[in-house]
>>> print(open('structure-v3.cif').read())   # mmCIF, C-alpha atoms
data_entry
#
loop_
_atom_site.label_atom_id
_atom_site.label_comp_id
_atom_site.auth_asym_id
_atom_site.auth_seq_id
_atom_site.Cartn_x
_atom_site.Cartn_y
_atom_site.Cartn_z
CA MET A 1 31.37 -11.14 17.54
CA THR A 2 31.73 -14.82 16.73
CA PHE A 3 32.39 -16.57 13.48
CA THR A 4 28.92 -18.14 13.45
CA GLN A 5 27.33 -14.70 13.60
CA GLN A 6 29.25 -13.64 10.48
CA LYS A 7 29.08 -16.92 8.58
CA PRO A 8 25.75 -16.16 6.88
CA LEU A 9 27.49 -13.49 4.76
CA ALA A 10 29.42 -16.08 2.75
CA ALA A 11 26.41 -18.39 2.67
CA GLN A 12 24.29 -15.52 1.40
CA VAL A 13 26.59 -14.49 -1.45
CA ARG A 14 28.10 -17.74 -2.75
CA ALA A 15 25.24 -18.29 -5.19
CA ASP A 16 25.93 -14.86 -6.71
CA PHE A 17 29.34 -15.96 -8.04
CA PRO A 18 28.90 -18.66 -10.70
CA ILE A 19 32.64 -19.08 -11.26
CA LEU A 20 33.05 -20.47 -7.74
CA HIS A 21 30.78 -23.44 -8.51
CA GLN A 22 33.17 -25.53 -10.57
CA GLU A 23 35.81 -28.19 -10.17
CA ILE A 24 39.51 -27.80 -10.92
CA HIS A 25 41.36 -31.09 -11.49
CA GLY A 26 38.32 -32.87 -10.08
CA LYS A 27 38.25 -30.83 -6.85
CA PRO A 28 35.93 -27.98 -5.85
CA LEU A 29 37.51 -24.63 -6.68
CA ILE A 30 38.88 -22.72 -3.70
CA TYR A 31 39.77 -19.25 -4.92
CA PHE A 32 42.35 -17.61 -2.64
CA ASP A 33 43.84 -15.14 -5.14
CA ASN A 34 41.57 -12.19 -4.46
CA ALA A 35 44.36 -9.66 -3.92
CA ALA A 36 45.27 -10.17 -7.60
CA THR A 37 41.70 -10.00 -8.84
CA SER A 38 38.26 -10.63 -7.39
CA GLN A 39 35.45 -12.69 -8.87
CA LYS A 40 32.35 -11.04 -10.32
CA PRO A 41 28.77 -11.48 -9.10
CA LEU A 42 25.86 -12.08 -11.44
CA ALA A 43 24.68 -8.53 -10.81
CA VAL A 44 27.84 -7.27 -12.52
CA LEU A 45 27.89 -9.89 -15.27
CA ASP A 46 24.24 -9.16 -16.10
CA VAL A 47 24.94 -5.44 -16.43
CA LEU A 48 27.75 -6.12 -18.91
CA GLN A 49 25.55 -8.35 -21.01
CA ASN A 50 22.57 -6.01 -20.81
CA TYR A 51 24.61 -3.06 -22.05
CA TYR A 52 25.86 -4.87 -25.12
CA GLN A 53 22.48 -6.46 -25.84
CA HIS A 54 20.29 -3.39 -25.33
CA ASP A 55 22.18 -0.11 -24.92
CA ASN A 56 25.40 -0.39 -26.92
CA ALA A 57 26.24 3.10 -28.19
CA ASN A 58 28.89 5.72 -27.65
CA VAL A 59 28.35 8.11 -24.77
CA HIS A 60 27.98 11.91 -24.71
CA ARG A 61 26.73 14.18 -27.48
CA GLY A 62 24.58 11.49 -29.07
CA VAL A 63 20.91 12.49 -29.09
CA HIS A 64 19.44 9.12 -30.02
CA THR A 65 17.91 6.87 -27.42
CA LEU A 66 20.67 4.28 -27.15
CA SER A 67 23.34 6.94 -26.65
CA SER A 68 21.21 8.69 -24.04
CA ARG A 69 20.69 5.45 -22.10
CA ALA A 70 24.38 4.57 -22.29
CA THR A 71 25.38 8.07 -21.15
CA ASP A 72 22.95 8.01 -18.24
CA ALA A 73 24.27 4.65 -17.05
CA TYR A 74 27.90 5.64 -17.56
CA GLU A 75 27.61 8.92 -15.68
CA GLY A 76 25.31 7.35 -13.11
CA ALA A 77 28.08 4.92 -12.27
CA ARG A 78 30.38 7.88 -11.60
CA ASP A 79 27.88 9.16 -9.04
CA LYS A 80 27.91 5.76 -7.36
CA VAL A 81 31.71 5.70 -7.14
CA ALA A 82 31.78 9.25 -5.77
CA SER A 83 29.31 8.30 -3.06
CA PHE A 84 31.16 5.04 -2.31
CA VAL A 85 34.37 6.85 -1.34
CA ASN A 86 32.53 9.98 -0.11
CA ALA A 87 33.96 12.39 -2.67
CA ALA A 88 32.67 15.96 -2.29
CA SER A 89 31.73 16.11 -5.99
CA ARG A 90 31.18 13.71 -8.88
CA GLN A 91 33.69 15.85 -10.81
CA GLU A 92 36.38 14.52 -8.48
CA ILE A 93 36.07 11.00 -9.95
CA VAL A 94 38.05 10.33 -13.13
CA TYR A 95 37.67 7.01 -14.90
CA THR A 96 40.94 5.30 -15.81
CA ARG A 97 41.84 1.86 -17.11
CA ASN A 98 43.22 0.88 -13.72
CA ALA A 99 45.09 2.29 -10.73
CA SER A 100 48.38 2.21 -12.62
CA GLU A 101 47.03 4.60 -15.23
CA ALA A 102 45.60 6.81 -12.49
CA ILE A 103 48.99 7.12 -10.80
CA ASN A 104 50.69 7.85 -14.12
CA LEU A 105 48.07 10.53 -14.78
CA VAL A 106 49.06 12.32 -11.58
CA ALA A 107 52.78 11.81 -12.21
CA TYR A 108 52.55 13.47 -15.63
CA ALA A 109 49.76 16.02 -15.25
CA TRP A 110 50.77 17.24 -11.78
CA GLY A 111 54.34 16.04 -11.37
CA ASN A 112 55.77 17.46 -14.58
CA SER A 113 54.42 20.91 -13.75
CA ASN A 114 55.15 21.03 -10.03
CA LEU A 115 58.40 19.22 -9.32
CA GLN A 116 61.93 20.35 -10.01
CA ARG A 117 65.48 19.28 -9.25
CA GLY A 118 66.04 18.65 -5.54
CA ASP A 119 62.37 18.26 -4.63
CA GLU A 120 61.66 15.09 -2.67
CA ILE A 121 59.08 12.34 -3.14
CA ILE A 122 58.47 10.01 -0.20
CA LEU A 123 57.35 6.44 -0.88
CA SER A 124 57.65 3.31 1.26
CA VAL A 125 59.63 0.11 0.72
CA MET A 126 56.36 -1.84 0.48
CA GLU A 127 54.99 -0.08 -2.61
CA HIS A 128 53.54 -1.97 -5.55
CA HIS A 129 55.53 -1.42 -8.74
CA SER A 130 52.64 0.73 -10.00
CA ASN A 131 53.28 3.16 -7.15
CA LEU A 132 57.02 3.14 -7.68
CA ILE A 133 57.91 3.16 -11.38
CA PRO A 134 55.83 6.25 -12.32
CA TRP A 135 57.69 8.21 -9.64
CA GLN A 136 61.06 6.84 -10.78
CA LEU A 137 60.26 8.11 -14.27
CA LEU A 138 59.12 11.45 -12.87
CA ALA A 139 62.34 11.77 -10.87
CA GLN A 140 64.34 11.08 -14.02
CA ARG A 141 62.42 13.78 -15.90
CA THR A 142 62.56 16.45 -13.20
CA GLY A 143 65.61 15.71 -11.05
CA ALA A 144 63.44 15.04 -8.00
CA VAL A 145 64.74 12.67 -5.33
CA LEU A 146 62.98 9.53 -4.07
CA LYS A 147 63.06 8.61 -0.39
CA PHE A 148 61.68 5.45 1.19
CA VAL A 149 60.03 4.76 4.53
CA GLU A 150 61.40 1.63 6.21
CA LEU A 151 59.53 -1.10 8.10
CA THR A 152 59.14 -1.56 11.83
CA GLU A 153 60.22 -4.78 13.56
CA THR A 154 56.72 -6.13 12.94
CA GLU A 155 57.03 -5.30 9.22
CA GLU A 156 54.66 -2.37 9.25
CA PHE A 157 54.95 1.23 8.07
CA ASP A 158 57.54 2.98 10.25
CA LEU A 159 55.78 6.21 11.14
CA ALA A 160 58.74 7.49 13.15
CA HIS A 161 61.03 7.05 10.15
CA PHE A 162 58.46 8.76 7.95
CA LYS A 163 58.45 11.76 10.26
CA SER A 164 62.24 11.94 10.03
CA LEU A 165 62.10 12.05 6.21
CA LEU A 166 59.64 14.93 6.02
CA SER A 167 61.08 18.37 5.31
CA ASP A 168 60.39 21.54 3.39
CA LYS A 169 61.80 19.70 0.36
CA THR A 170 58.99 17.14 0.51
CA LYS A 171 56.55 17.84 -2.30
CA LEU A 172 54.76 14.52 -2.62
CA VAL A 173 54.00 11.48 -0.47
CA SER A 174 52.59 8.45 -2.27
CA VAL A 175 51.89 5.36 -0.19
CA VAL A 176 49.78 2.25 -0.24
CA HIS A 177 46.82 2.05 2.13
CA VAL A 178 47.06 -1.74 2.53
CA SER A 179 50.14 -3.70 1.48
CA ASN A 180 49.37 -6.48 -1.00
CA THR A 181 52.26 -8.52 0.44
CA LEU A 182 52.59 -7.63 4.12
CA GLY A 183 48.88 -7.12 4.66
CA CYS A 184 49.50 -4.19 7.00
CA ILE A 185 46.98 -1.36 7.11
CA ASN A 186 48.92 1.89 7.01
CA PRO A 187 47.96 4.93 9.14
CA VAL A 188 47.00 6.99 6.11
CA LYS A 189 45.07 9.68 7.96
CA GLU A 190 48.09 10.48 10.12
CA ILE A 191 50.40 10.24 7.10
CA VAL A 192 48.27 12.81 5.29
CA GLU A 193 48.13 15.15 8.30
CA LEU A 194 51.90 15.06 8.74
CA ALA A 195 52.63 15.58 5.05
CA HIS A 196 50.24 18.50 4.80
CA GLN A 197 52.08 20.24 7.63
CA TYR A 198 54.98 20.57 5.19
CA GLY A 199 52.78 21.58 2.26
CA ALA A 200 53.23 18.25 0.50
CA LYS A 201 50.54 16.55 -1.57
CA VAL A 202 49.51 12.96 -0.79
CA LEU A 203 48.38 10.15 -3.09
CA ILE A 204 46.94 6.97 -1.59
CA ASP A 205 47.03 3.65 -3.44
CA ALA A 206 43.77 2.13 -2.19
CA CYS A 207 43.59 -0.95 -4.43
CA GLN A 208 43.66 -3.30 -1.45
CA SER A 209 41.49 -1.21 0.87
CA VAL A 210 38.54 0.08 -1.17
CA PRO A 211 37.25 -3.48 -1.86
CA HIS A 212 37.51 -4.56 1.78
CA MET A 213 36.68 -1.71 4.16
CA PRO A 214 34.92 1.65 4.27
CA VAL A 215 37.07 4.37 2.70
CA ASP A 216 36.22 8.06 3.13
CA VAL A 217 38.42 10.39 1.09
CA GLN A 218 37.15 13.50 2.86
CA ALA A 219 37.88 12.11 6.30
CA MET A 220 41.27 10.92 5.07
CA ASP A 221 41.89 14.34 3.46
CA CYS A 222 44.17 12.81 0.79
CA ASP A 223 44.80 14.83 -2.35
CA TRP A 224 44.42 11.85 -4.67
CA LEU A 225 43.32 8.25 -4.24
CA VAL A 226 43.40 5.46 -6.81
CA ALA A 227 41.69 2.07 -7.09
CA SER A 228 41.15 -0.70 -9.64
CA GLY A 229 37.71 -2.08 -10.41
CA HIS A 230 38.79 -5.66 -10.97
CA LYS A 231 39.77 -6.03 -7.31
CA MET A 232 36.31 -4.90 -6.13
CA CYS A 233 33.98 -7.25 -8.09
CA ALA A 234 34.02 -5.11 -11.26
CA PRO A 235 35.56 -6.02 -14.64
CA THR A 236 39.13 -5.49 -15.70
CA GLY A 237 39.92 -2.39 -17.74
CA ILE A 238 38.28 0.10 -15.39
CA GLY A 239 39.60 1.98 -12.37
CA PHE A 240 39.32 5.45 -11.00
CA LEU A 241 41.23 8.42 -9.72
CA TYR A 242 39.82 10.58 -6.96
CA GLY A 243 41.32 14.05 -6.73
CA LYS A 244 40.38 17.21 -4.90
CA LEU A 245 38.45 19.43 -7.27
CA ASP A 246 40.69 22.51 -7.25
CA LEU A 247 43.78 20.36 -7.59
CA LEU A 248 42.40 18.49 -10.60
CA ARG A 249 41.37 21.77 -12.19
CA SER A 250 44.92 23.07 -11.85
CA MET A 251 46.39 20.05 -13.67
CA PRO A 252 46.84 20.05 -17.47
CA PRO A 253 45.43 17.15 -19.53
CA PHE A 254 47.21 13.82 -19.43
CA LEU A 255 46.16 12.52 -22.86
CA GLY A 256 44.80 14.37 -25.87
CA GLY A 257 41.98 13.33 -28.19
CA GLY A 258 38.22 13.21 -28.39
CA GLU A 259 36.00 13.68 -25.35
CA MET A 260 38.50 15.83 -23.43
CA ILE A 261 38.03 18.98 -25.49
CA ALA A 262 35.78 22.04 -25.48
CA ASP A 263 36.81 23.66 -28.79
CA VAL A 264 39.44 22.55 -31.29
CA PHE A 265 41.19 24.78 -33.84
CA PHE A 266 44.09 24.05 -36.15
CA ASP A 267 46.62 25.75 -33.90
CA HIS A 268 45.20 25.26 -30.41
CA SER A 269 42.42 23.70 -28.37
CA THR A 270 40.51 24.35 -25.20
CA TYR A 271 39.61 21.58 -22.80
CA ALA A 272 36.48 20.20 -21.22
CA ASP A 273 35.68 20.69 -17.57
CA LEU A 274 36.25 17.94 -15.04
CA PRO A 275 36.25 15.05 -15.09
CA HIS A 276 36.24 14.74 -18.88
CA LYS A 277 39.45 16.75 -19.28
CA PHE A 278 41.28 13.57 -18.23
CA GLU A 279 39.17 11.06 -20.18
CA ALA A 280 40.41 11.20 -23.76
CA GLY A 281 38.88 8.93 -26.37
CA THR A 282 36.01 6.49 -26.27
CA PRO A 283 35.91 5.18 -22.70
CA ALA A 284 35.37 1.70 -21.31
CA ILE A 285 31.62 2.26 -21.22
CA ALA A 286 30.37 -1.19 -20.26
CA GLU A 287 33.14 -1.62 -17.72
CA ALA A 288 32.34 1.72 -16.06
CA ILE A 289 28.65 0.85 -15.86
CA ALA A 290 29.58 -2.52 -14.39
CA LEU A 291 31.83 -0.77 -11.86
CA GLY A 292 28.73 1.08 -10.73
CA ALA A 293 26.92 -2.24 -10.40
CA ALA A 294 29.80 -3.61 -8.32
CA VAL A 295 29.61 -0.56 -6.06
CA ASP A 296 25.88 -1.17 -5.64
CA TYR A 297 26.54 -4.81 -4.78
CA LEU A 298 29.19 -4.02 -2.18
CA SER A 299 27.15 -1.17 -0.72
CA ASN A 300 24.09 -3.39 -0.36
CA LEU A 301 26.16 -5.95 1.54
CA GLY A 302 27.70 -3.18 3.66
CA MET A 303 31.41 -2.46 3.78
CA ASP A 304 31.41 -2.62 7.60
CA LYS A 305 29.88 -6.08 7.40
CA ILE A 306 32.40 -7.19 4.78
CA HIS A 307 35.30 -5.90 6.86
CA ALA A 308 34.04 -7.59 10.03
CA TYR A 309 33.52 -10.92 8.30
CA GLU A 310 36.96 -10.80 6.70
CA ALA A 311 38.50 -10.04 10.11
CA GLU A 312 36.97 -13.30 11.36
CA LEU A 313 38.43 -15.15 8.40
CA THR A 314 41.83 -13.52 8.90
CA ASP A 315 41.96 -14.53 12.54
CA TYR A 316 41.10 -18.13 11.70
CA LEU A 317 43.53 -18.30 8.77
CA PHE A 318 46.46 -17.10 10.87
CA GLN A 319 45.58 -19.43 13.74
CA GLN A 320 45.91 -22.33 11.32
CA LEU A 321 49.00 -21.08 9.50
CA GLN A 322 50.89 -20.49 12.76
CA GLN A 323 50.53 -24.19 13.57
CA ILE A 324 52.68 -25.14 10.56
CA PRO A 325 56.29 -24.93 11.80
CA GLU A 326 57.83 -24.77 8.32
CA LEU A 327 56.11 -21.49 7.47
CA LYS A 328 57.52 -18.00 7.72
CA LEU A 329 54.74 -15.41 7.66
CA TYR A 330 55.32 -11.83 6.53
CA GLY A 331 53.77 -8.69 7.94
CA PRO A 332 52.07 -8.09 11.29
CA MET A 333 49.98 -10.71 13.01
CA PRO A 334 46.26 -9.96 13.45
CA ASP A 335 45.07 -8.93 16.89
CA ALA A 336 42.67 -11.00 18.95
CA ASN A 337 39.74 -9.96 16.77
CA GLY A 338 41.51 -10.53 13.47
CA GLU A 339 41.92 -6.77 13.02
CA GLY A 340 45.06 -4.81 12.24
CA ARG A 341 45.83 -6.38 8.91
CA ALA A 342 44.20 -7.38 5.62
CA SER A 343 42.72 -10.78 4.86
CA LEU A 344 45.81 -12.09 3.08
CA ALA A 345 48.88 -14.03 4.11
CA ALA A 346 52.24 -14.08 2.30
CA PHE A 347 54.56 -16.87 3.41
CA THR A 348 57.47 -19.13 2.57
CA ALA A 349 57.95 -22.78 3.52
CA GLY A 350 61.65 -23.37 4.03
CA SER A 351 63.39 -24.51 0.86
CA VAL A 352 60.14 -25.26 -0.98
CA HIS A 353 59.74 -22.80 -3.82
CA PRO A 354 56.42 -20.88 -3.73
CA HIS A 355 55.76 -21.78 -7.37
CA ASP A 356 56.03 -25.46 -6.48
CA LEU A 357 53.61 -24.99 -3.59
CA SER A 358 51.17 -23.18 -5.86
CA THR A 359 51.38 -25.92 -8.48
CA ILE A 360 50.62 -28.67 -5.97
CA LEU A 361 47.77 -26.67 -4.45
CA ASP A 362 46.30 -26.09 -7.90
CA GLN A 363 46.08 -29.87 -8.30
CA ALA A 364 43.85 -29.79 -5.22
CA GLY A 365 41.67 -27.10 -6.79
CA ILE A 366 43.14 -24.29 -4.68
CA ALA A 367 44.19 -21.04 -6.39
CA ILE A 368 46.86 -18.99 -4.63
CA ARG A 369 49.46 -16.56 -5.98
CA ALA A 370 53.22 -17.20 -6.04
CA GLY A 371 56.00 -14.78 -6.94
CA HIS A 372 56.96 -11.25 -5.95
CA HIS A 373 53.42 -9.80 -6.23
CA CYS A 374 54.77 -6.71 -8.03
CA THR A 375 56.80 -5.83 -4.93
CA GLN A 376 60.31 -6.93 -5.91
CA PRO A 377 62.10 -4.27 -3.81
CA LEU A 378 60.07 -5.26 -0.75
CA HIS A 379 60.92 -8.93 -1.22
CA ARG A 380 64.62 -8.08 -1.39
CA HIS A 381 64.19 -5.91 1.70
CA VAL A 382 62.73 -8.79 3.75
CA GLY A 383 65.15 -11.34 2.30
CA ALA A 384 62.72 -13.38 0.23
CA GLN A 385 63.10 -14.02 -3.48
CA SER A 386 59.39 -14.77 -3.72
CA THR A 387 56.47 -15.74 -1.50
CA ALA A 388 53.25 -17.68 -1.69
CA ARG A 389 50.14 -15.63 -0.97
CA ALA A 390 46.65 -16.67 0.03
CA SER A 391 44.20 -13.78 -0.12
CA LEU A 392 40.56 -13.96 0.93
CA TYR A 393 37.33 -12.12 0.16
CA PHE A 394 33.87 -12.07 1.68
CA TYR A 395 32.69 -15.08 -0.37
CA ASN A 396 35.35 -17.35 1.16
CA THR A 397 34.64 -19.64 4.10
CA ARG A 398 36.32 -21.23 7.09
CA GLU A 399 35.75 -24.62 5.47
CA GLU A 400 37.81 -23.48 2.50
CA ILE A 401 40.59 -22.42 4.87
CA ASP A 402 40.50 -25.90 6.45
CA ALA A 403 40.88 -27.55 3.03
CA PHE A 404 43.68 -25.15 2.12
CA ILE A 405 45.59 -25.94 5.32
CA VAL A 406 45.27 -29.70 4.78
CA SER A 407 46.56 -29.42 1.20
CA LEU A 408 49.33 -27.01 2.22
CA LYS A 409 50.58 -29.43 4.88
CA GLU A 410 50.46 -32.28 2.38
CA ALA A 411 52.42 -30.26 -0.17
CA ILE A 412 55.10 -29.37 2.38
CA GLU A 413 55.35 -33.00 3.49
CA PHE A 414 55.59 -34.12 -0.14
CA PHE A 415 58.51 -31.84 -0.91
CA GLY A 416 60.09 -32.68 2.43
CA SER A 417 60.04 -36.39 1.58
CA ILE A 418 61.79 -35.62 -1.71
CA PHE A 419 64.38 -33.07 -0.60
CA GLY A 420 64.53 -33.64 3.14
#
>>> encode(input="structure-v3.cif", output="structure tokens")
Amino acid sequence: MTFTQQKPLAAQVRADFPILHQEIHGKPLIYFDNAATSQKPLAVLDVLQNYYQHDNANVHRGVHTLSSRATDAYEGARDKVASFVNAASRQEIVYTRNASEAINLVAYAWGNSNLQRGDEIILSVMEHHSNLIPWQLLAQRTGAVLKFVELTETEEFDLAHFKSLLSDKTKLVSVVHVSNTLGCINPVKEIVELAHQYGAKVLIDACQSVPHMPVDVQAMDCDWLVASGHKMCAPTGIGFLYGKLDLLRSMPPFLGGGEMIADVFFDHSTYADLPHKFEAGTPAIAEAIALGAAVDYLSNLGMDKIHAYEAELTDYLFQQLQQIPELKLYGPMPDANGEGRASLAAFTAGSVHPHDLSTILDQAGIAIRAGHHCTQPLHRHVGAQSTARASLYFYNTREEIDAFIVSLKEAIEFFGSIFG
């Protein structure tokens, strides 16, 4: 596999993303902030516009034509998501606003009913705040105890330490599939197998994996998995929770209101079957339909093809970054084929603040992220107040990496001439 064999993927899709064809401060936009949010192809933008122009109506129970069309598209998108992650049933896919809401749903609907004082929840030190704070709140409510898996010397998930934390007290393991800061790809299948040996449930935060590689929830055997649409070419305001059917059925509702009911009386109510039991109120209809369009778009490209192309980009990016002596890179290095980590790089450049680097790069039309990336505890753990992060997607190119490296070197030299 060579870069030239994979290069046509970016060439094929660039025209599908109108936002990429603009100038920022007089320079062509180079968008390297994909771990924060991805750009949207015309196929997704057109679906949003078409819904509001032609099918705008509330879903379910409406018998008129617009409502029927909206419902068909909305529920059809659920089928697409279920197929995309290989869920056993469409009822295992619950729409949420984002992954954060999905994790909170599990923390309240399952955690409140199943955890008690002294029970243990295992997380890792690399978790996004969204996969940390809901469990902190749950521990405060129930008296459960949080434990954290450390990093290996190469700043990856320490599986040996994880094994040492597991016990009969372990009731839940909730870990990220791909770190949004370290870029490491965690051994989730083995994590699930080990946790299940102790009867613990497992939630996987797949926000950084579902957009970039094939994900099969049945093969993984996780109990829950969460993802956010805006990181996978869909709009903001839509995400999903996957949960095993029997487990979801055993969980009480998370929010109360319309849509999630069967029958309502003055003194009690009964609840709808899955997945609607967890979808109170008027949903994000257009956004859900557009999520289905994004799934179609990614599926048509092929997740294996996307992953392979991004591995090529990752290998090239790290080759170039490792030639800049001022940089400290975080997380494992890619292997010879660019595999073993995600297509993102978090780094620091000596005494140059990441925000200053990002500001200078923005003047060159290059968008990167600077800060703690919602992983403040991880940054403290590795001794960095903040980092700069360049994150790629399948529409990025090697030429963009070249321009980024040139501007990054110039920015470092600029600050070195001032403060050196």
>>> atom_distance(input="structure-v3.cif", atom1="atom CA of A:Leu357", atom2="atom CA of A:Leu408")
7.5 Å
>>> closest_residue(input="structure-v3.cif", among="A:Glu150, A:Glu120, A:Glu410, A:Asp335", to="A:Leu361", atoms="all atoms listed in the file")
A:Glu410
>>> closest_residue(input="structure-v3.cif", among="A:Ile204, A:Ala390, A:Ala346, A:Ala384", to="A:Ala102", atoms="only C-alpha atoms")
A:Ile204
>>> residues_around(input="structure-v3.cif", residues="A:Met333", least_positions_apart="3", cutoff="8 Å", atoms="only C-alpha atoms", output="list in words")
Phe318, Gly340 and Arg341 of chain A
>>> residues_around(input="structure-v3.cif", residues="stretch 179-185 of chain A", least_positions_apart="4", cutoff="10 Å", atoms="all atoms listed in the file", output="PyMOL selection string")
chain A and resi 35-36+126-128+154-157+175+205-209+329-334+339-347+372-375+378-379+387-391
>>> residues_around(input="structure-v3.cif", residues="stretch 67-71 of chain A", least_positions_apart="6", cutoff="12 Å", atoms="only C-alpha atoms", output="PyMOL selection string")
chain A and resi 47-48+50-61+77-78+282-290
>>> resolve_selection(input="structure-v3.cif", expression="the PyMOL selection byres ((chain A and resi 248) around 12)", output="number ranges by chain")
A: 89, 91-94, 105-106, 109-110, 223-224, 241-247, 249-254, 273-278
>>> closest_residue(input="structure-v3.cif", among="A:Tyr108, A:Tyr393, A:Tyr95, A:Phe265", to="A:His307", atoms="only C-alpha atoms")
A:Tyr393
>>> atom_distance(input="structure-v3.cif", atom1="atom CA of A:Thr96", atom2="atom CA of A:Ala280")
9.9 Å
>>> residues_around(input="structure-v3.cif", residues="A:Lys328", least_positions_apart="4", cutoff="8 Å", atoms="only C-alpha atoms", output="PyMOL selection string")
chain A and resi 347-350
>>> write_last_selection(input="structure-v3.cif", atoms="C-alpha atoms", output="PDB file, in the coordinates of the input")
ATOM      1  CA  PHE A 347      54.560 -16.870   3.410  1.00  0.00           C
ATOM      2  CA  THR A 348      57.470 -19.130   2.570  1.00  0.00           C
ATOM      3  CA  ALA A 349      57.950 -22.780   3.520  1.00  0.00           C
ATOM      4  CA  GLY A 350      61.650 -23.370   4.030  1.00  0.00           C
TER       5      GLY A 350
END
>>> atom_distance(input="structure-v3.cif", atom1="atom CA of A:Leu115", atom2="atom CA of A:Lys171")
7.4 Å
>>> resolve_selection(input="structure-v3.cif", expression="the PyMOL selection byres ((chain A and resi 145) around 10)", output="list of chain:residue names")
A:Leu115, A:Gln116, A:Arg117, A:Gly118, A:Asp119, A:Glu120, A:Ile121, A:Ile122, A:Trp135, A:Gln136, A:Leu138, A:Ala139, A:Gln140, A:Thr142, A:Gly143, A:Ala144, A:Leu146, A:Lys147, A:Lys169, A:Thr170
>>> resolve_selection(input="structure-v3.cif", expression="the PyMOL selection byres ((chain A and resi 229) around 10)", output="PyMOL selection string")
chain A and resi 37-38+96-99+207+210-211+227-228+230-240+287-288+290-292+294-295
>>> write_last_selection(input="structure-v3.cif", atoms="C-alpha atoms", output="compact mmCIF listing (two decimals), in the frame of the given file")
# COMPACT_ATOMS: atom_id res chain seq x y z
CA THR A 37 41.70 -10.00 -8.84
CA SER A 38 38.26 -10.63 -7.39
CA THR A 96 40.94 5.30 -15.81
CA ARG A 97 41.84 1.86 -17.11
CA ASN A 98 43.22 0.88 -13.72
CA ALA A 99 45.09 2.29 -10.73
CA CYS A 207 43.59 -0.95 -4.43
CA VAL A 210 38.54 0.08 -1.17
CA PRO A 211 37.25 -3.48 -1.86
CA ALA A 227 41.69 2.07 -7.09
CA SER A 228 41.15 -0.70 -9.64
CA HIS A 230 38.79 -5.66 -10.97
CA LYS A 231 39.77 -6.03 -7.31
CA MET A 232 36.31 -4.90 -6.13
CA CYS A 233 33.98 -7.25 -8.09
CA ALA A 234 34.02 -5.11 -11.26
CA PRO A 235 35.56 -6.02 -14.64
CA THR A 236 39.13 -5.49 -15.70
CA GLY A 237 39.92 -2.39 -17.74
CA ILE A 238 38.28 0.10 -15.39
CA GLY A 239 39.60 1.98 -12.37
CA PHE A 240 39.32 5.45 -11.00
CA GLU A 287 33.14 -1.62 -17.72
CA ALA A 288 32.34 1.72 -16.06
CA ALA A 290 29.58 -2.52 -14.39
CA LEU A 291 31.83 -0.77 -11.86
CA GLY A 292 28.73 1.08 -10.73
CA ALA A 294 29.80 -3.61 -8.32
CA VAL A 295 29.61 -0.56 -6.06
>>> closest_residue(input="structure-v3.cif", among="A:Leu225, A:Ala367, A:Ile261, A:Leu317", to="A:Asp402", atoms="all atoms listed in the file")
A:Leu317
>>> residues_around(input="structure-v3.cif", residues="A:Ile306", least_positions_apart="4", cutoff="10 Å", atoms="all atoms listed in the file", output="ChimeraX atom specification")
/A:6,9-10,211-214,298-299,301-302,310-311,393-395
>>> residues_near_point(input="structure-v3.cif", point="(46.3, 9.6, 8.5)", cutoff="10 Å", atoms="all atoms listed in the file", output="mmCIF file with C-alpha atoms, in the frame of the given file")
data_model
loop_
_atom_site.group_PDB
_atom_site.id
_atom_site.type_symbol
_atom_site.label_atom_id
_atom_site.label_comp_id
_atom_site.auth_asym_id
_atom_site.auth_seq_id
_atom_site.Cartn_x
_atom_site.Cartn_y
_atom_site.Cartn_z
ATOM 1 C CA HIS A 177 46.820 2.050 2.130
ATOM 2 C CA ASN A 186 48.920 1.890 7.010
ATOM 3 C CA PRO A 187 47.960 4.930 9.140
ATOM 4 C CA VAL A 188 47.000 6.990 6.110
ATOM 5 C CA LYS A 189 45.070 9.680 7.960
ATOM 6 C CA GLU A 190 48.090 10.480 10.120
ATOM 7 C CA ILE A 191 50.400 10.240 7.100
ATOM 8 C CA VAL A 192 48.270 12.810 5.290
ATOM 9 C CA GLU A 193 48.130 15.150 8.300
ATOM 10 C CA LEU A 194 51.900 15.060 8.740
ATOM 11 C CA ALA A 195 52.630 15.580 5.050
ATOM 12 C CA ALA A 219 37.880 12.110 6.300
ATOM 13 C CA MET A 220 41.270 10.920 5.070
ATOM 14 C CA ASP A 221 41.890 14.340 3.460
ATOM 15 C CA CYS A 222 44.170 12.810 0.790
#
>>> closest_residue(input="structure-v3.cif", among="A:Val352, A:Val264, A:Asn396, A:Ser130", to="A:Gln12", atoms="all atoms listed in the file")
A:Asn396
>>> axis_aligned_box(input="structure-v3.cif", around="stretch 174-181 of chain A", padding_each_side="4 Å", output="lines of an AutoDock Vina configuration file")
center_x = 49.7
center_y = 0.0
center_z = 0.1
size_x = 13.8
size_y = 25.0
size_z = 12.8
